[in-house]
>>> print(open('work.cif').read())   # mmCIF, C-alpha atoms and all ligand atoms
data_entry
#
loop_
_atom_site.group_PDB
_atom_site.id
_atom_site.type_symbol
_atom_site.label_atom_id
_atom_site.label_comp_id
_atom_site.auth_asym_id
_atom_site.auth_seq_id
_atom_site.Cartn_x
_atom_site.Cartn_y
_atom_site.Cartn_z
ATOM 1 C CA MET A 79 94.546 92.233 118.163
ATOM 2 C CA ASP A 80 96.934 90.958 115.496
ATOM 3 C CA LYS A 81 98.769 93.682 113.588
ATOM 4 C CA ILE A 82 99.806 93.725 109.993
ATOM 5 C CA GLY A 83 103.054 95.191 108.697
ATOM 6 C CA SER A 84 105.823 92.591 108.703
ATOM 7 C CA PHE A 85 107.680 93.081 105.443
ATOM 8 C CA ILE A 86 109.911 90.442 103.833
ATOM 9 C CA ASN A 87 112.099 90.834 100.734
ATOM 10 C CA ILE A 88 110.753 88.873 97.739
ATOM 11 C CA LYS A 89 114.301 87.627 97.120
ATOM 12 C CA THR A 90 114.091 85.411 100.213
ATOM 13 C CA GLN A 91 111.162 83.230 99.091
ATOM 14 C CA ASP A 92 108.244 82.922 96.640
ATOM 15 C CA PHE A 93 104.875 84.393 97.647
ATOM 16 C CA TYR A 94 101.292 83.518 96.723
ATOM 17 C CA PHE A 95 98.105 85.524 97.202
ATOM 18 C CA ASN A 96 94.571 84.224 97.768
ATOM 19 C CA GLY A 97 92.444 87.330 97.262
ATOM 20 C CA CYS A 98 90.679 89.534 99.794
ATOM 21 C CA SER A 99 87.314 87.807 100.157
ATOM 22 C CA GLY A 100 88.182 86.181 103.501
ATOM 23 C CA CYS A 101 89.531 89.350 105.093
ATOM 24 C CA ASP A 102 87.801 92.232 106.886
ATOM 25 C CA GLY A 103 89.957 94.830 105.185
ATOM 26 C CA ASP A 104 92.871 94.573 107.593
ATOM 27 C CA CYS A 105 95.080 96.819 105.460
ATOM 28 C CA CYS A 106 92.368 99.544 105.532
ATOM 29 C CA ASN A 107 92.009 99.373 109.325
ATOM 30 C CA GLY A 108 94.023 101.633 111.613
ATOM 31 C CA ALA A 109 93.385 99.264 114.515
ATOM 32 C CA LYS A 110 95.509 96.735 112.625
ATOM 33 C CA GLY A 111 98.422 99.141 112.403
ATOM 34 C CA PHE A 112 98.176 101.052 109.113
ATOM 35 C CA ALA A 113 97.065 104.676 109.365
ATOM 36 C CA LEU A 114 99.801 106.729 107.721
ATOM 37 C CA SER A 115 101.245 105.559 104.431
ATOM 38 C CA PRO A 116 104.532 107.133 103.235
ATOM 39 C CA LEU A 117 104.362 109.080 99.970
ATOM 40 C CA ILE A 118 106.740 109.650 97.119
ATOM 41 C CA LEU A 119 106.352 112.897 95.197
ATOM 42 C CA GLU A 120 104.452 111.396 92.268
ATOM 43 C CA ASP A 121 101.801 110.127 94.722
ATOM 44 C CA PHE A 122 100.778 113.645 95.819
ATOM 45 C CA GLU A 123 98.753 114.369 92.685
ATOM 46 C CA GLU A 124 96.892 111.067 92.936
ATOM 47 C CA VAL A 125 95.862 111.352 96.582
ATOM 48 C CA TYR A 126 95.432 114.988 97.594
ATOM 49 C CA LYS A 127 91.811 115.355 96.470
ATOM 50 C CA ASN A 128 90.586 112.335 98.447
ATOM 51 C CA PHE A 129 92.960 112.194 101.424
ATOM 52 C CA ALA A 130 94.840 114.514 103.766
ATOM 53 C CA ILE A 131 98.585 114.715 103.109
ATOM 54 C CA VAL A 132 100.588 115.490 106.244
ATOM 55 C CA PHE A 133 104.210 115.623 107.288
ATOM 56 C CA GLY A 134 105.877 113.941 110.224
ATOM 57 C CA PHE A 135 109.323 113.311 111.626
ATOM 58 C CA GLN A 136 110.718 109.792 111.624
ATOM 59 C CA ASP A 137 113.632 110.233 114.011
ATOM 60 C CA GLU A 138 114.999 113.531 112.625
ATOM 61 C CA ASN A 139 113.961 112.805 109.035
ATOM 62 C CA LEU A 140 110.991 114.633 107.545
ATOM 63 C CA ARG A 141 108.511 112.439 105.670
ATOM 64 C CA ALA A 142 105.125 112.968 103.982
ATOM 65 C CA TYR A 143 102.228 110.619 104.589
ATOM 66 C CA VAL A 144 98.726 110.088 103.305
ATOM 67 C CA VAL A 145 96.271 109.785 106.205
ATOM 68 C CA LEU A 146 94.259 106.615 105.555
ATOM 69 C CA ASN A 147 92.303 106.576 108.830
ATOM 70 C CA ASP A 148 92.343 107.785 112.448
ATOM 71 C CA GLY A 149 94.531 104.933 113.687
ATOM 72 C CA LYS A 150 91.544 103.248 115.385
ATOM 73 C CA SER A 151 89.109 102.274 112.657
ATOM 74 C CA HIS A 152 88.754 101.653 108.935
ATOM 75 C CA CYS A 153 89.404 104.123 106.155
ATOM 76 C CA ARG A 154 86.243 106.168 105.487
ATOM 77 C CA TYR A 155 86.159 104.750 101.961
ATOM 78 C CA TYR A 156 85.883 101.185 103.283
ATOM 79 C CA ILE A 157 82.130 100.634 102.878
ATOM 80 C CA ASP A 158 80.177 97.341 102.823
ATOM 81 C CA ASN A 159 83.428 95.395 103.207
ATOM 82 C CA LYS A 160 85.096 96.867 100.164
ATOM 83 C CA CYS A 161 86.917 99.916 98.893
ATOM 84 C CA SER A 162 84.324 102.379 97.570
ATOM 85 C CA ILE A 163 86.913 104.323 95.538
ATOM 86 C CA TYR A 164 88.679 101.331 94.073
ATOM 87 C CA GLU A 165 89.985 103.057 90.922
ATOM 88 C CA GLN A 166 91.039 106.147 92.916
ATOM 89 C CA ARG A 167 92.539 104.333 95.906
ATOM 90 C CA THR A 168 96.060 105.446 96.777
ATOM 91 C CA PRO A 169 99.070 104.137 94.812
ATOM 92 C CA ALA A 170 100.236 102.307 97.952
ATOM 93 C CA CYS A 171 96.774 100.701 98.311
ATOM 94 C CA LYS A 172 97.014 99.575 94.686
ATOM 95 C CA LEU A 173 100.322 97.842 95.416
ATOM 96 C CA TYR A 174 99.680 96.390 98.854
ATOM 97 C CA PRO A 175 100.671 93.785 100.120
ATOM 98 C CA ILE A 176 103.717 94.733 98.039
ATOM 99 C CA SER A 177 105.757 97.670 99.292
ATOM 100 C CA PRO A 178 109.003 98.936 97.692
ATOM 101 C CA TYR A 179 111.926 100.430 99.620
ATOM 102 C CA PHE A 180 114.766 101.809 97.504
ATOM 103 C CA GLU A 181 115.803 98.886 95.225
ATOM 104 C CA HIS A 182 114.088 96.289 97.419
ATOM 105 C CA ILE A 183 110.607 94.892 96.898
ATOM 106 C CA LEU A 184 108.956 93.702 100.092
ATOM 107 C CA VAL A 185 105.771 91.782 100.847
ATOM 108 C CA ASP A 186 103.723 92.029 104.035
ATOM 109 C CA SER A 187 103.718 88.477 105.367
ATOM 110 C CA GLU A 188 101.003 89.465 107.878
ATOM 111 C CA CYS A 189 98.428 90.117 105.150
ATOM 112 C CA PRO A 190 96.089 87.168 105.815
ATOM 113 C CA SER A 191 96.047 86.249 102.126
ATOM 114 C CA ILE A 192 99.807 85.893 101.721
ATOM 115 C CA ASN A 193 101.375 82.465 101.923
ATOM 116 C CA ASP A 194 104.205 80.427 100.384
ATOM 117 C CA LYS A 195 102.178 77.576 98.838
ATOM 118 C CA SER A 196 98.891 78.247 97.075
ATOM 119 C CA GLY A 197 96.898 80.867 95.210
ATOM 120 C CA ILE A 198 97.995 83.290 92.515
ATOM 121 C CA CYS A 199 101.768 83.574 92.259
ATOM 122 C CA LEU A 200 102.705 87.066 93.495
ATOM 123 C CA SER A 201 106.477 86.699 93.191
ATOM 124 C CA HIS A 202 108.804 83.979 91.962
ATOM 125 C CA ASN A 203 112.613 83.849 92.136
ATOM 126 C CA GLY A 204 112.724 87.446 93.353
ATOM 127 C CA LYS A 205 110.521 88.844 90.557
ATOM 128 C CA ILE A 206 107.019 90.290 90.827
ATOM 129 C CA ASN A 207 104.302 88.652 88.737
ATOM 130 C CA ASP A 208 103.122 91.159 86.079
ATOM 131 C CA ALA A 209 99.579 90.992 87.485
ATOM 132 C CA PHE A 210 100.797 92.687 90.697
ATOM 133 C CA TYR A 211 103.112 95.229 89.066
ATOM 134 C CA THR A 212 102.125 98.933 89.040
ATOM 135 C CA LYS A 213 103.941 101.936 87.606
ATOM 136 C CA ARG A 214 104.837 103.049 91.147
ATOM 137 C CA LEU A 215 107.575 100.386 91.061
ATOM 138 C CA ASP A 216 109.244 101.904 87.952
ATOM 139 C CA ASN A 217 112.629 103.380 88.970
ATOM 140 C CA PHE A 218 111.442 103.414 92.567
ATOM 141 C CA LYS A 219 114.923 103.903 94.031
ATOM 142 C CA ASP A 220 115.439 107.080 91.958
ATOM 143 C CA LYS A 221 111.992 108.377 92.851
ATOM 144 C CA LEU A 222 112.542 107.762 96.557
ATOM 145 C CA GLU A 223 115.934 109.501 96.508
ATOM 146 C CA LYS A 224 114.408 112.522 94.747
ATOM 147 C CA THR A 225 111.584 112.547 97.290
ATOM 148 C CA TYR A 226 113.971 112.476 100.246
ATOM 149 C CA MET A 227 115.989 115.346 98.710
ATOM 150 C CA PHE A 228 112.784 117.397 98.562
ATOM 151 C CA TYR A 229 111.967 116.627 102.209
ATOM 152 C CA ASP A 230 115.535 117.429 103.292
ATOM 153 C CA ALA A 231 115.239 120.885 101.683
ATOM 154 C CA ILE A 232 112.294 121.808 103.948
ATOM 155 C CA ASN A 233 113.401 119.851 107.008
ATOM 156 C CA ASP A 234 113.130 122.557 109.662
ATOM 157 C CA LYS A 235 110.687 122.308 112.570
ATOM 158 C CA GLU A 236 110.095 126.079 112.225
ATOM 159 C CA ASN A 237 108.359 125.373 108.892
ATOM 160 C CA PHE A 238 105.608 123.307 110.521
ATOM 161 C CA GLU A 239 102.920 123.279 113.177
ATOM 162 C CA VAL A 240 101.521 120.194 114.883
ATOM 163 C CA ILE A 241 97.889 119.571 113.911
ATOM 164 C CA GLY A 242 97.308 116.175 115.500
ATOM 165 C CA ASN A 243 98.714 112.826 116.522
ATOM 166 C CA ILE A 244 98.025 109.437 114.973
ATOM 167 C CA LEU A 245 99.437 106.216 116.436
ATOM 168 C CA GLY A 246 101.980 108.231 118.415
ATOM 169 C CA ILE A 247 103.231 110.263 115.442
ATOM 170 C CA ASP A 248 102.780 114.057 115.517
ATOM 171 C CA ILE A 249 101.252 115.095 112.190
ATOM 172 C CA LEU A 250 102.389 118.417 110.794
ATOM 173 C CA LYS A 251 101.175 121.221 108.513
ATOM 174 C CA TYR A 252 103.539 123.450 106.528
ATOM 175 C CA ILE A 253 103.058 127.056 107.694
ATOM 176 C CA LYS A 254 105.391 129.159 105.526
ATOM 177 C CA ASN A 255 104.423 130.906 102.280
ATOM 178 C CA THR A 256 105.094 128.720 99.292
ATOM 179 C CA ASP A 257 104.581 128.366 95.539
ATOM 180 C CA ASP A 258 105.804 124.795 95.507
ATOM 181 C CA LYS A 259 103.287 122.519 93.812
ATOM 182 C CA TYR A 260 103.736 119.651 96.255
ATOM 183 C CA LEU A 261 103.348 121.850 99.309
ATOM 184 C CA LYS A 262 100.284 123.463 97.730
ATOM 185 C CA MET A 263 98.734 120.022 97.227
ATOM 186 C CA HIS A 264 99.540 119.239 100.879
ATOM 187 C CA LEU A 265 97.773 122.447 102.012
ATOM 188 C CA ASP A 266 94.809 121.924 99.649
ATOM 189 C CA SER A 267 94.370 118.399 100.969
ATOM 190 C CA LEU A 268 93.810 119.771 104.486
ATOM 191 C CA ASN A 269 90.981 122.107 103.429
HETATM 192 S S1 LIG B 1 95.322 92.902 100.786
HETATM 193 FE FE1 LIG B 1 95.499 91.504 102.540
HETATM 194 S S2 LIG B 1 95.064 92.757 104.362
HETATM 195 FE FE2 LIG B 1 94.300 93.874 102.545
HETATM 196 S S3 LIG B 1 92.126 93.314 102.362
HETATM 197 FE FE3 LIG B 1 93.310 91.906 101.046
HETATM 198 S S4 LIG B 1 93.722 90.133 102.338
HETATM 199 FE FE4 LIG B 1 93.131 91.805 103.715
HETATM 200 S S1 LIG B 2 91.465 103.841 99.784
HETATM 201 FE FE1 LIG B 2 90.369 101.887 99.649
HETATM 202 S S2 LIG B 2 91.986 100.320 99.674
HETATM 203 FE FE2 LIG B 2 92.897 102.239 100.437
HETATM 204 S S3 LIG B 2 92.669 102.179 102.704
HETATM 205 FE FE3 LIG B 2 90.866 103.251 101.876
HETATM 206 S S4 LIG B 2 89.293 101.650 101.620
HETATM 207 FE FE4 LIG B 2 91.283 100.620 101.811
#
>>> encode(input="work.cif", output="structure tokens", more="lines below")
Ligand code: SF4
Ligand code: SF4
Amino acid sequence: MDKIGSFINIKTQDFYFNGCSGCDGDCCNGAKGFALSPLILEDFEEVYKNFAIVFGFQDENLRAYVVLNDGKSHCRYYIDNKCSIYEQRTPACKLYPISPYFEHILVDSECPSINDKSGICLSHNGKINDAFYTKRLDNFKDKLEKTYMFYDAINDKENFEVIGNILGIDILKYIKNTDDKYLKMHLDSLN
């Protein structure tokens, strides 16, 4: 089965998008490769009531993820070939097939709707078309650095227990007492 998740910097070429009508929700389907989506701190508030927030180690670096599915099938909100919580979908879902990383803006070239010739212009000369821009992109580098500082401060395996495994990644729950608002949202999301 073809996987999605091959990200290219928008500075390397222009991209066009043809809508989702010809796709079976590949980006919502764990069997296509997306199950855990990395979070920045501002995402916690928007996702914790509808999705589990978990932690995991990427090499030795602690990261937080929203669990979109079980790694084998579609997101539980993917119903009748569409997102049933469209306005409340995650900030990363709202941006996809765009994905920022520090100061770079990337596009998933494996999204079946992405191409370099026809459709709605998604990016031109290294700039995102306003129609695809969301507030998540504002100062993204700063927000990601602040997020990583937060993760670094709690990066100790003693703080966590393993509660499952998705696509080969151990997913973790914070087990120490805490008053931190982000960790409380993480714990609430698991209830
Ligand atoms: S964004 Fe791309 S992968 Fe997701 S449903 Fe639309 S066409 Fe499919
Ligand atoms: S929240 Fe909606 S857009 Fe996001 S993975 Fe689930 S069904 Fe797809």
>>> closest_atom_pairs(input="work.cif", of="chain A", to="ligand LIG 2 (chain B)", cutoff="9 Å", atoms="all atoms listed in the file", output="JSON lines")
{"residue": "A:Gly103", "atom": "CA", "partner": "B:LIG2", "partner_atom": "FE4", "distance": 6.8}
{"residue": "A:Asp104", "atom": "CA", "partner": "B:LIG2", "partner_atom": "FE4", "distance": 8.5}
{"residue": "A:Cys105", "atom": "CA", "partner": "B:LIG2", "partner_atom": "S3", "distance": 6.5}
{"residue": "A:Cys106", "atom": "CA", "partner": "B:LIG2", "partner_atom": "S3", "distance": 3.9}
{"residue": "A:Asn107", "atom": "CA", "partner": "B:LIG2", "partner_atom": "S3", "distance": 7.2}
{"residue": "A:Phe112", "atom": "CA", "partner": "B:LIG2", "partner_atom": "S3", "distance": 8.5}
{"residue": "A:Ala113", "atom": "CA", "partner": "B:LIG2", "partner_atom": "S3", "distance": 8.4}
{"residue": "A:Asn128", "atom": "CA", "partner": "B:LIG2", "partner_atom": "S1", "distance": 8.6}
{"residue": "A:Phe129", "atom": "CA", "partner": "B:LIG2", "partner_atom": "S1", "distance": 8.6}
{"residue": "A:Leu146", "atom": "CA", "partner": "B:LIG2", "partner_atom": "S3", "distance": 5.5}
{"residue": "A:Asn147", "atom": "CA", "partner": "B:LIG2", "partner_atom": "S3", "distance": 7.5}
{"residue": "A:His152", "atom": "CA", "partner": "B:LIG2", "partner_atom": "S4", "distance": 7.3}
{"residue": "A:Cys153", "atom": "CA", "partner": "B:LIG2", "partner_atom": "FE3", "distance": 4.6}
{"residue": "A:Arg154", "atom": "CA", "partner": "B:LIG2", "partner_atom": "FE3", "distance": 6.6}
{"residue": "A:Tyr155", "atom": "CA", "partner": "B:LIG2", "partner_atom": "S4", "distance": 4.4}
{"residue": "A:Tyr156", "atom": "CA", "partner": "B:LIG2", "partner_atom": "S4", "distance": 3.8}
{"residue": "A:Ile157", "atom": "CA", "partner": "B:LIG2", "partner_atom": "S4", "distance": 7.3}
{"residue": "A:Asn159", "atom": "CA", "partner": "B:LIG2", "partner_atom": "S4", "distance": 8.7}
{"residue": "A:Lys160", "atom": "CA", "partner": "B:LIG2", "partner_atom": "S4", "distance": 6.5}
{"residue": "A:Cys161", "atom": "CA", "partner": "B:LIG2", "partner_atom": "S4", "distance": 4.0}
{"residue": "A:Ser162", "atom": "CA", "partner": "B:LIG2", "partner_atom": "FE1", "distance": 6.4}
{"residue": "A:Ile163", "atom": "CA", "partner": "B:LIG2", "partner_atom": "FE1", "distance": 5.9}
{"residue": "A:Tyr164", "atom": "CA", "partner": "B:LIG2", "partner_atom": "FE1", "distance": 5.9}
{"residue": "A:Glu165", "atom": "CA", "partner": "B:LIG2", "partner_atom": "FE1", "distance": 8.8}
{"residue": "A:Gln166", "atom": "CA", "partner": "B:LIG2", "partner_atom": "S1", "distance": 7.3}
{"residue": "A:Arg167", "atom": "CA", "partner": "B:LIG2", "partner_atom": "S1", "distance": 4.1}
{"residue": "A:Thr168", "atom": "CA", "partner": "B:LIG2", "partner_atom": "S1", "distance": 5.7}
{"residue": "A:Pro169", "atom": "CA", "partner": "B:LIG2", "partner_atom": "FE2", "distance": 8.6}
{"residue": "A:Ala170", "atom": "CA", "partner": "B:LIG2", "partner_atom": "FE2", "distance": 7.7}
{"residue": "A:Cys171", "atom": "CA", "partner": "B:LIG2", "partner_atom": "FE2", "distance": 4.7}
{"residue": "A:Lys172", "atom": "CA", "partner": "B:LIG2", "partner_atom": "S2", "distance": 7.1}
{"residue": "A:Tyr174", "atom": "CA", "partner": "B:LIG2", "partner_atom": "S2", "distance": 8.7}
>>> write_last_selection(input="work.cif", atoms="C-alpha atoms", output="JSON list (two decimals), keeping the file's coordinate frame")
[["chain", "number", "residue", "atom", "x", "y", "z"],
["A", 103, "GLY", "CA", 89.96, 94.83, 105.18],
["A", 104, "ASP", "CA", 92.87, 94.57, 107.59],
["A", 105, "CYS", "CA", 95.08, 96.82, 105.46],
["A", 106, "CYS", "CA", 92.37, 99.54, 105.53],
["A", 107, "ASN", "CA", 92.01, 99.37, 109.32],
["A", 112, "PHE", "CA", 98.18, 101.05, 109.11],
["A", 113, "ALA", "CA", 97.06, 104.68, 109.36],
["A", 128, "ASN", "CA", 90.59, 112.34, 98.45],
["A", 129, "PHE", "CA", 92.96, 112.19, 101.42],
["A", 146, "LEU", "CA", 94.26, 106.62, 105.56],
["A", 147, "ASN", "CA", 92.30, 106.58, 108.83],
["A", 152, "HIS", "CA", 88.75, 101.65, 108.94],
["A", 153, "CYS", "CA", 89.40, 104.12, 106.16],
["A", 154, "ARG", "CA", 86.24, 106.17, 105.49],
["A", 155, "TYR", "CA", 86.16, 104.75, 101.96],
["A", 156, "TYR", "CA", 85.88, 101.18, 103.28],
["A", 157, "ILE", "CA", 82.13, 100.63, 102.88],
["A", 159, "ASN", "CA", 83.43, 95.40, 103.21],
["A", 160, "LYS", "CA", 85.10, 96.87, 100.16],
["A", 161, "CYS", "CA", 86.92, 99.92, 98.89],
["A", 162, "SER", "CA", 84.32, 102.38, 97.57],
["A", 163, "ILE", "CA", 86.91, 104.32, 95.54],
["A", 164, "TYR", "CA", 88.68, 101.33, 94.07],
["A", 165, "GLU", "CA", 89.98, 103.06, 90.92],
["A", 166, "GLN", "CA", 91.04, 106.15, 92.92],
["A", 167, "ARG", "CA", 92.54, 104.33, 95.91],
["A", 168, "THR", "CA", 96.06, 105.45, 96.78],
["A", 169, "PRO", "CA", 99.07, 104.14, 94.81],
["A", 170, "ALA", "CA", 100.24, 102.31, 97.95],
["A", 171, "CYS", "CA", 96.77, 100.70, 98.31],
["A", 172, "LYS", "CA", 97.01, 99.58, 94.69],
["A", 174, "TYR", "CA", 99.68, 96.39, 98.85]]
>>> residues_near_ligand(input="work.cif", ligand="ligand LIG 1 (chain B)", cutoff="8 Å", atoms="only C-alpha atoms and all ligand atoms", output="MDAnalysis selection string")
chainID A and resid 82 96:106 174:175 188:192
>>> write_last_selection(input="work.cif", atoms="C-alpha atoms", output="PDB file, keeping the file's coordinate frame")
ATOM      1  CA  ILE A  82      99.806  93.725 109.993  1.00  0.00           C
ATOM      2  CA  ASN A  96      94.571  84.224  97.768  1.00  0.00           C
ATOM      3  CA  GLY A  97      92.444  87.330  97.262  1.00  0.00           C
ATOM      4  CA  CYS A  98      90.679  89.534  99.794  1.00  0.00           C
ATOM      5  CA  SER A  99      87.314  87.807 100.157  1.00  0.00           C
ATOM      6  CA  GLY A 100      88.182  86.181 103.501  1.00  0.00           C
ATOM      7  CA  CYS A 101      89.531  89.350 105.093  1.00  0.00           C
ATOM      8  CA  ASP A 102      87.801  92.232 106.886  1.00  0.00           C
ATOM      9  CA  GLY A 103      89.957  94.830 105.185  1.00  0.00           C
ATOM     10  CA  ASP A 104      92.871  94.573 107.593  1.00  0.00           C
ATOM     11  CA  CYS A 105      95.080  96.819 105.460  1.00  0.00           C
ATOM     12  CA  CYS A 106      92.368  99.544 105.532  1.00  0.00           C
ATOM     13  CA  TYR A 174      99.680  96.390  98.854  1.00  0.00           C
ATOM     14  CA  PRO A 175     100.671  93.785 100.120  1.00  0.00           C
ATOM     15  CA  GLU A 188     101.003  89.465 107.878  1.00  0.00           C
ATOM     16  CA  CYS A 189      98.428  90.117 105.150  1.00  0.00           C
ATOM     17  CA  PRO A 190      96.089  87.168 105.815  1.00  0.00           C
ATOM     18  CA  SER A 191      96.047  86.249 102.126  1.00  0.00           C
ATOM     19  CA  ILE A 192      99.807  85.893 101.721  1.00  0.00           C
TER      20      ILE A 192
END
>>> residues_around(input="work.cif", residues="Gly134 (chain A)", least_positions_apart="3", cutoff="8 Å", atoms="all atoms listed in the file", output="MDAnalysis selection string")
chainID A and resid 140:143 247:250
>>> residues_around(input="work.cif", residues="region 199-201 of chain A", least_positions_apart="4", cutoff="9 Å", atoms="all atoms listed in the file", output="list in words")
Ile88, Lys89, Gln91, Asp92, Phe93, Tyr94, Phe95, Ile176, Ile192, Lys195, Lys205, Ile206, Asn207, Asp208, Ala209 and Phe210 of chain A
>>> residues_around(input="work.cif", residues="region 223-232 of chain A", least_positions_apart="3", cutoff="9 Å", atoms="only C-alpha atoms", output="JSON, numbers by chain")
{"A": [117, 118, 119, 120, 139, 140, 141, 142, 180, 218, 219, 220, 235, 237]}
>>> residues_around(input="work.cif", residues="Lys254 (chain A)", least_positions_apart="6", cutoff="12 Å", atoms="all atoms listed in the file", output="JSON, numbers by chain")
{"A": [232, 234, 235, 236, 237, 238, 239, 261, 262, 265]}
>>> build_atoms(input="work.cif", residues="region 196-207 of chain A", atoms="N, CA and C atoms", output="PDB file, in the coordinates of the input")
ATOM      1  N   SER A 196     100.027  78.370  97.991  1.00  0.00           N
ATOM      2  CA  SER A 196      98.891  78.247  97.075  1.00  0.00           C
ATOM      3  C   SER A 196      98.246  79.593  96.779  1.00  0.00           C
ATOM      4  N   GLY A 197      97.557  79.628  95.629  1.00  0.00           N
ATOM      5  CA  GLY A 197      96.898  80.867  95.210  1.00  0.00           C
ATOM      6  C   GLY A 197      97.561  81.397  93.952  1.00  0.00           C
ATOM      7  N   ILE A 198      97.358  82.671  93.678  1.00  0.00           N
ATOM      8  CA  ILE A 198      97.995  83.290  92.515  1.00  0.00           C
ATOM      9  C   ILE A 198      99.438  83.614  92.880  1.00  0.00           C
ATOM     10  N   CYS A 199     100.355  83.285  91.977  1.00  0.00           N
ATOM     11  CA  CYS A 199     101.768  83.574  92.259  1.00  0.00           C
ATOM     12  C   CYS A 199     101.993  85.084  92.266  1.00  0.00           C
ATOM     13  N   LEU A 200     102.441  85.624  93.376  1.00  0.00           N
ATOM     14  CA  LEU A 200     102.705  87.066  93.495  1.00  0.00           C
ATOM     15  C   LEU A 200     104.153  87.376  93.123  1.00  0.00           C
ATOM     16  N   SER A 201     105.064  86.503  93.549  1.00  0.00           N
ATOM     17  CA  SER A 201     106.477  86.699  93.191  1.00  0.00           C
ATOM     18  C   SER A 201     107.160  85.346  93.118  1.00  0.00           C
ATOM     19  N   HIS A 202     108.079  85.244  92.155  1.00  0.00           N
ATOM     20  CA  HIS A 202     108.804  83.979  91.962  1.00  0.00           C
ATOM     21  C   HIS A 202     110.262  84.305  91.649  1.00  0.00           C
ATOM     22  N   ASN A 203     111.175  83.627  92.327  1.00  0.00           N
ATOM     23  CA  ASN A 203     112.613  83.849  92.136  1.00  0.00           C
ATOM     24  C   ASN A 203     112.980  85.331  92.207  1.00  0.00           C
ATOM     25  N   GLY A 204     112.372  86.035  93.138  1.00  0.00           N
ATOM     26  CA  GLY A 204     112.724  87.446  93.353  1.00  0.00           C
ATOM     27  C   GLY A 204     112.110  88.422  92.373  1.00  0.00           C
ATOM     28  N   LYS A 205     111.158  87.948  91.539  1.00  0.00           N
ATOM     29  CA  LYS A 205     110.521  88.844  90.557  1.00  0.00           C
ATOM     30  C   LYS A 205     109.027  88.902  90.805  1.00  0.00           C
ATOM     31  N   ILE A 206     108.465  90.115  90.667  1.00  0.00           N
ATOM     32  CA  ILE A 206     107.019  90.290  90.827  1.00  0.00           C
ATOM     33  C   ILE A 206     106.286  89.764  89.596  1.00  0.00           C
ATOM     34  N   ASN A 207     105.191  89.049  89.822  1.00  0.00           N
ATOM     35  CA  ASN A 207     104.302  88.652  88.737  1.00  0.00           C
ATOM     36  C   ASN A 207     103.700  89.928  88.116  1.00  0.00           C
TER      37      ASN A 207
END
